file input-v4.txt (compact mmCIF, C-alpha atoms)
# COMPACT_ATOMS: atom_id res chain seq x y z
CA MET G 111 99.40 103.50 96.29
CA THR G 112 102.13 101.12 95.20
CA TRP G 113 105.58 102.27 94.17
CA THR G 114 109.16 101.27 93.44
CA ALA G 115 112.21 103.49 93.22
CA THR G 116 115.93 103.95 93.20
CA ALA G 117 117.12 102.62 96.58
CA LEU G 118 118.65 105.20 98.86
CA GLY G 119 121.36 102.87 100.13
CA SER G 120 122.69 101.42 96.89
CA GLY G 121 121.61 104.08 94.40
CA ARG G 122 120.30 101.28 92.18
CA PHE G 123 116.71 100.63 91.16
CA SER G 124 114.86 98.33 93.56
CA ALA G 125 111.92 96.50 91.97
CA VAL G 126 110.53 95.62 95.39
CA GLU G 127 107.09 97.20 95.54
CA ARG G 128 106.06 99.27 98.53
CA CYS G 129 102.51 100.07 99.56
CA SER G 130 102.33 103.32 101.46
CA GLY G 131 100.69 106.65 101.74
CA VAL G 132 101.82 109.73 99.89
CA ARG G 133 104.01 110.92 102.78
CA GLU G 134 106.51 108.02 102.65
CA TRP G 135 106.62 108.19 98.84
CA ALA G 136 107.19 111.97 98.96
CA ASP G 137 109.95 111.59 101.55
CA HIS G 138 111.71 109.08 99.30
CA PHE G 139 111.43 111.38 96.28
CA ASN G 140 112.75 114.33 98.29
CA GLU G 141 115.75 112.30 99.44
CA LEU G 142 116.49 111.23 95.85
CA ARG G 143 116.17 114.84 94.80
CA SER G 144 118.66 115.94 97.44
CA ARG G 145 121.07 113.35 95.98
CA GLY G 146 120.65 114.73 92.45
CA GLY G 147 118.43 112.22 90.69
CA GLY G 148 116.64 108.91 90.54
CA TYR G 149 113.81 106.87 89.16
CA LEU G 150 110.33 106.09 90.52
CA GLU G 151 107.34 104.05 89.38
CA VAL G 152 103.89 104.55 90.89
CA ARG G 153 100.46 103.06 90.43
CA LEU G 154 97.22 102.92 92.31
CA SER G 155 96.99 99.97 94.71
CA GLY G 156 95.06 96.99 93.44
CA SER G 157 95.75 97.42 89.73
CA ALA G 158 98.73 96.94 87.42
CA PHE G 159 97.76 99.93 85.25
CA PRO G 160 97.87 102.82 84.85
CA LEU G 161 101.52 103.04 85.84
CA MET G 162 103.58 106.23 85.76
CA THR G 163 107.35 106.46 85.83
CA LEU G 164 109.55 109.44 86.61
CA GLY G 165 113.23 109.62 85.77
CA PHE G 166 115.05 112.76 86.77
CA GLN G 167 118.54 114.21 86.95
CA GLY G 168 118.95 117.57 88.62
CA ASP G 169 115.97 119.67 87.57
CA GLN G 170 115.28 117.75 84.35
CA ALA G 171 112.63 115.03 84.38
CA VAL G 172 110.78 112.73 82.01
CA ILE G 173 107.46 110.95 82.67
CA HIS G 174 106.18 107.81 81.00
CA LEU G 175 102.58 106.68 81.32
CA PHE G 176 101.66 103.04 80.78
CA GLU G 177 97.87 102.91 80.41
CA ASP G 178 97.89 99.15 79.83
CA ALA G 179 100.33 96.43 78.81
CA ASP G 180 100.26 97.57 75.16
CA LYS G 181 100.13 101.36 75.36
CA SER G 182 102.81 103.70 76.62
CA THR G 183 103.17 107.43 76.19
CA LEU G 184 105.63 110.16 77.06
CA LEU G 185 104.30 113.35 78.57
CA VAL G 186 105.17 116.44 76.60
CA GLY G 187 107.73 118.66 78.33
CA ASP G 188 107.23 122.19 79.58
CA GLY G 189 109.77 123.95 77.33
CA ILE G 190 111.46 125.34 80.46
CA ALA G 191 113.78 122.52 81.52
CA ALA G 192 115.31 121.96 78.07
CA ALA G 193 115.14 123.32 74.55
CA ALA G 194 113.14 121.18 72.12
CA ASP G 195 116.27 120.21 70.17
CA ALA G 196 118.31 119.32 73.26
CA VAL G 197 119.18 115.76 74.25
CA VAL G 198 118.77 115.06 77.96
CA HIS G 199 119.85 111.94 79.85
CA VAL G 200 117.82 110.78 82.86
CA PRO G 201 117.79 107.54 84.85
CA ILE G 202 115.40 104.83 83.73
CA MET G 203 115.74 101.98 86.20
CA ASP G 204 119.53 101.50 86.37
CA ASP G 205 120.43 103.00 83.00
CA ARG G 206 120.62 106.51 81.62
CA ALA G 207 118.30 107.08 78.68
CA ALA G 208 118.42 109.91 76.16
CA PHE G 209 115.30 111.98 75.47
CA SER G 210 114.52 114.86 73.18
CA GLY G 211 114.01 118.13 75.01
CA ASP G 212 110.41 117.97 73.73
CA PHE G 213 109.69 115.51 76.56
CA VAL G 214 111.66 117.12 79.36
CA MET G 215 110.05 119.07 82.17
CA THR G 216 111.23 120.54 85.43
CA ALA G 217 111.43 118.13 88.36
CA ASP G 218 108.89 120.31 90.20
CA ARG G 219 106.36 120.00 87.38
CA ALA G 220 107.00 116.26 87.12
CA TRP G 221 106.44 115.81 90.84
CA ALA G 222 103.23 117.85 90.72
CA THR G 223 102.05 115.72 87.78
CA LEU G 224 102.62 112.47 89.65
CA ARG G 225 100.84 113.82 92.72
CA ALA G 226 97.87 114.91 90.56
CA PHE G 227 97.71 111.40 89.07
CA ILE G 228 97.59 109.82 92.53
CA GLN G 229 95.00 112.30 93.81
CA ALA G 230 92.75 112.00 90.75
CA GLY G 231 93.19 108.26 90.43
CA ALA G 232 93.27 108.57 86.64
CA PRO G 233 95.75 109.77 84.00
CA GLY G 234 93.33 112.10 82.20
CA VAL G 235 94.54 115.19 84.06
CA LEU G 236 98.15 114.89 82.97
CA GLY G 237 98.33 117.00 79.85
CA ALA G 238 99.61 116.36 76.34
CA ARG G 239 101.14 112.96 75.59
CA CYS G 240 102.92 111.31 72.69
CA GLU G 241 102.29 107.62 72.09
CA LEU G 242 105.36 105.40 71.75

call {"tool": "encode", "arguments": {"input": "input-v4.txt", "output": "structure tokens"}}
result
Amino acid sequence: MTWTATALGSGRFSAVERCSGVREWADHFNELRSRGGGYLEVRLSGSAFPLMTLGFQGDQAVIHLFEDADKSTLLVGDGIAAAADAVVHVPIMDDRAAFSGDFVMTADRAWATLRAFIQAGAPGVLGARCEL
């Protein structure tokens, strides 16, 4: 797998791609989580797409799926992390972006979704999505 993420040292997004196994990626996510938030991008090695991104702050997370260069979707939230009419701000690269609560899920669910994507090697198992 190939991934990029918020750097632990600077707290800023690092676009330098890393190729690693799930363990190193999971350790990085867990460290970001212990610091309260961050941003990750992940894709299967050897292909530019599909690409998934995860921005999270505390226990609120948002996932984007880029199936190709022209198609992006937001995963529908779980209704637990935020009310549908709420506005939630999460990191996207080095900025904070606002999202409707409709697209917010718990950080645990988001992490499980990214892991399922990596294990399945395809985005079909991810659940409901809304095209942007």

call {"tool": "residues_around", "arguments": {"input": "input-v4.txt", "residues": "Gly187 in chain G", "least_positions_apart": "3", "cutoff": "8 Å", "atoms": "all atoms listed in the file", "output": "list of chain:residue names"}}
result
G:Val172, G:Ile190, G:Ala191, G:Gly211, G:Asp212, G:Phe213, G:Val214, G:Met215

call {"tool": "write_last_selection", "arguments": {"input": "input-v4.txt", "atoms": "C-alpha atoms", "output": "PDB file, keeping the file's coordinate frame"}}
result
ATOM      1  CA  VAL G 172     110.780 112.730  82.010  1.00  0.00           C
ATOM      2  CA  ILE G 190     111.460 125.340  80.460  1.00  0.00           C
ATOM      3  CA  ALA G 191     113.780 122.520  81.520  1.00  0.00           C
ATOM      4  CA  GLY G 211     114.010 118.130  75.010  1.00  0.00           C
ATOM      5  CA  ASP G 212     110.410 117.970  73.730  1.00  0.00           C
ATOM      6  CA  PHE G 213     109.690 115.510  76.560  1.00  0.00           C
ATOM      7  CA  VAL G 214     111.660 117.120  79.360  1.00  0.00           C
ATOM      8  CA  MET G 215     110.050 119.070  82.170  1.00  0.00           C
TER       9      MET G 215
END

call {"tool": "closest_residue", "arguments": {"input": "input-v4.txt", "among": "G:Arg153, G:His174, G:Arg206, G:Arg133", "to": "Ala230 in chain G", "atoms": "all atoms listed in the file"}}
result
G:Arg153

call {"tool": "closest_residue", "arguments": {"input": "input-v4.txt", "among": "G:Ala217, G:Met162, G:Ala136, G:Ala226", "to": "Phe176 in chain G", "atoms": "all atoms listed in the file"}}
result
G:Met162

call {"tool": "residues_around", "arguments": {"input": "input-v4.txt", "residues": "Val198 in chain G", "least_positions_apart": "3", "cutoff": "9 Å", "atoms": "all atoms listed in the file", "output": "JSON, numbers by chain"}}
result
{"G": [170, 171, 192, 207, 208, 209, 210, 211, 214]}

call {"tool": "atom_distance", "arguments": {"input": "input-v4.txt", "atom1": "CA of Val152 in chain G", "atom2": "CA of Ala179 in chain G"}}
result
15.0 Å

call {"tool": "residues_around", "arguments": {"input": "input-v4.txt", "residues": "Met203 in chain G", "least_positions_apart": "4", "cutoff": "10 Å", "atoms": "all atoms listed in the file", "output": "list in words"}}
result
Thr114, Ala115, Thr116, Arg122, Phe123, Ser124, Ala125, Gly148, Tyr149, Leu150, Glu151, Thr163, Leu164, Gly165 and Ala207 of chain G

call {"tool": "atom_distance", "arguments": {"input": "input-v4.txt", "atom1": "CA of Gly146 in chain G", "atom2": "CA of Thr183 in chain G"}}
result
25.0 Å

call {"tool": "residues_around", "arguments": {"input": "input-v4.txt", "residues": "Met111 in chain G", "least_positions_apart": "4", "cutoff": "6 Å", "atoms": "all atoms listed in the file", "output": "list in words"}}
result
Cys129, Ser130, Arg153, Leu154 and Ser155 of chain G

call {"tool": "closest_residue", "arguments": {"input": "input-v4.txt", "among": "G:Val186, G:Ala196, G:Arg143, G:Pro160", "to": "Gly231 in chain G", "atoms": "all atoms listed in the file"}}
result
G:Pro160

call {"tool": "closest_residue", "arguments": {"input": "input-v4.txt", "among": "G:Thr216, G:Phe166, G:Asp205, G:Thr112", "to": "Ala193 in chain G", "atoms": "all atoms listed in the file"}}
result
G:Thr216

call {"tool": "atom_distance", "arguments": {"input": "input-v4.txt", "atom1": "CA of Glu134 in chain G", "atom2": "CA of His199 in chain G"}}
result
26.7 Å

call {"tool": "axis_aligned_box", "arguments": {"input": "input-v4.txt", "around": "range 208-222 of chain G", "padding_each_side": "8 Å", "output": "JSON"}}
result
{"center_x": 110.8, "center_y": 115.2, "center_z": 82.0, "size_x": 31.2, "size_y": 26.6, "size_z": 33.7}
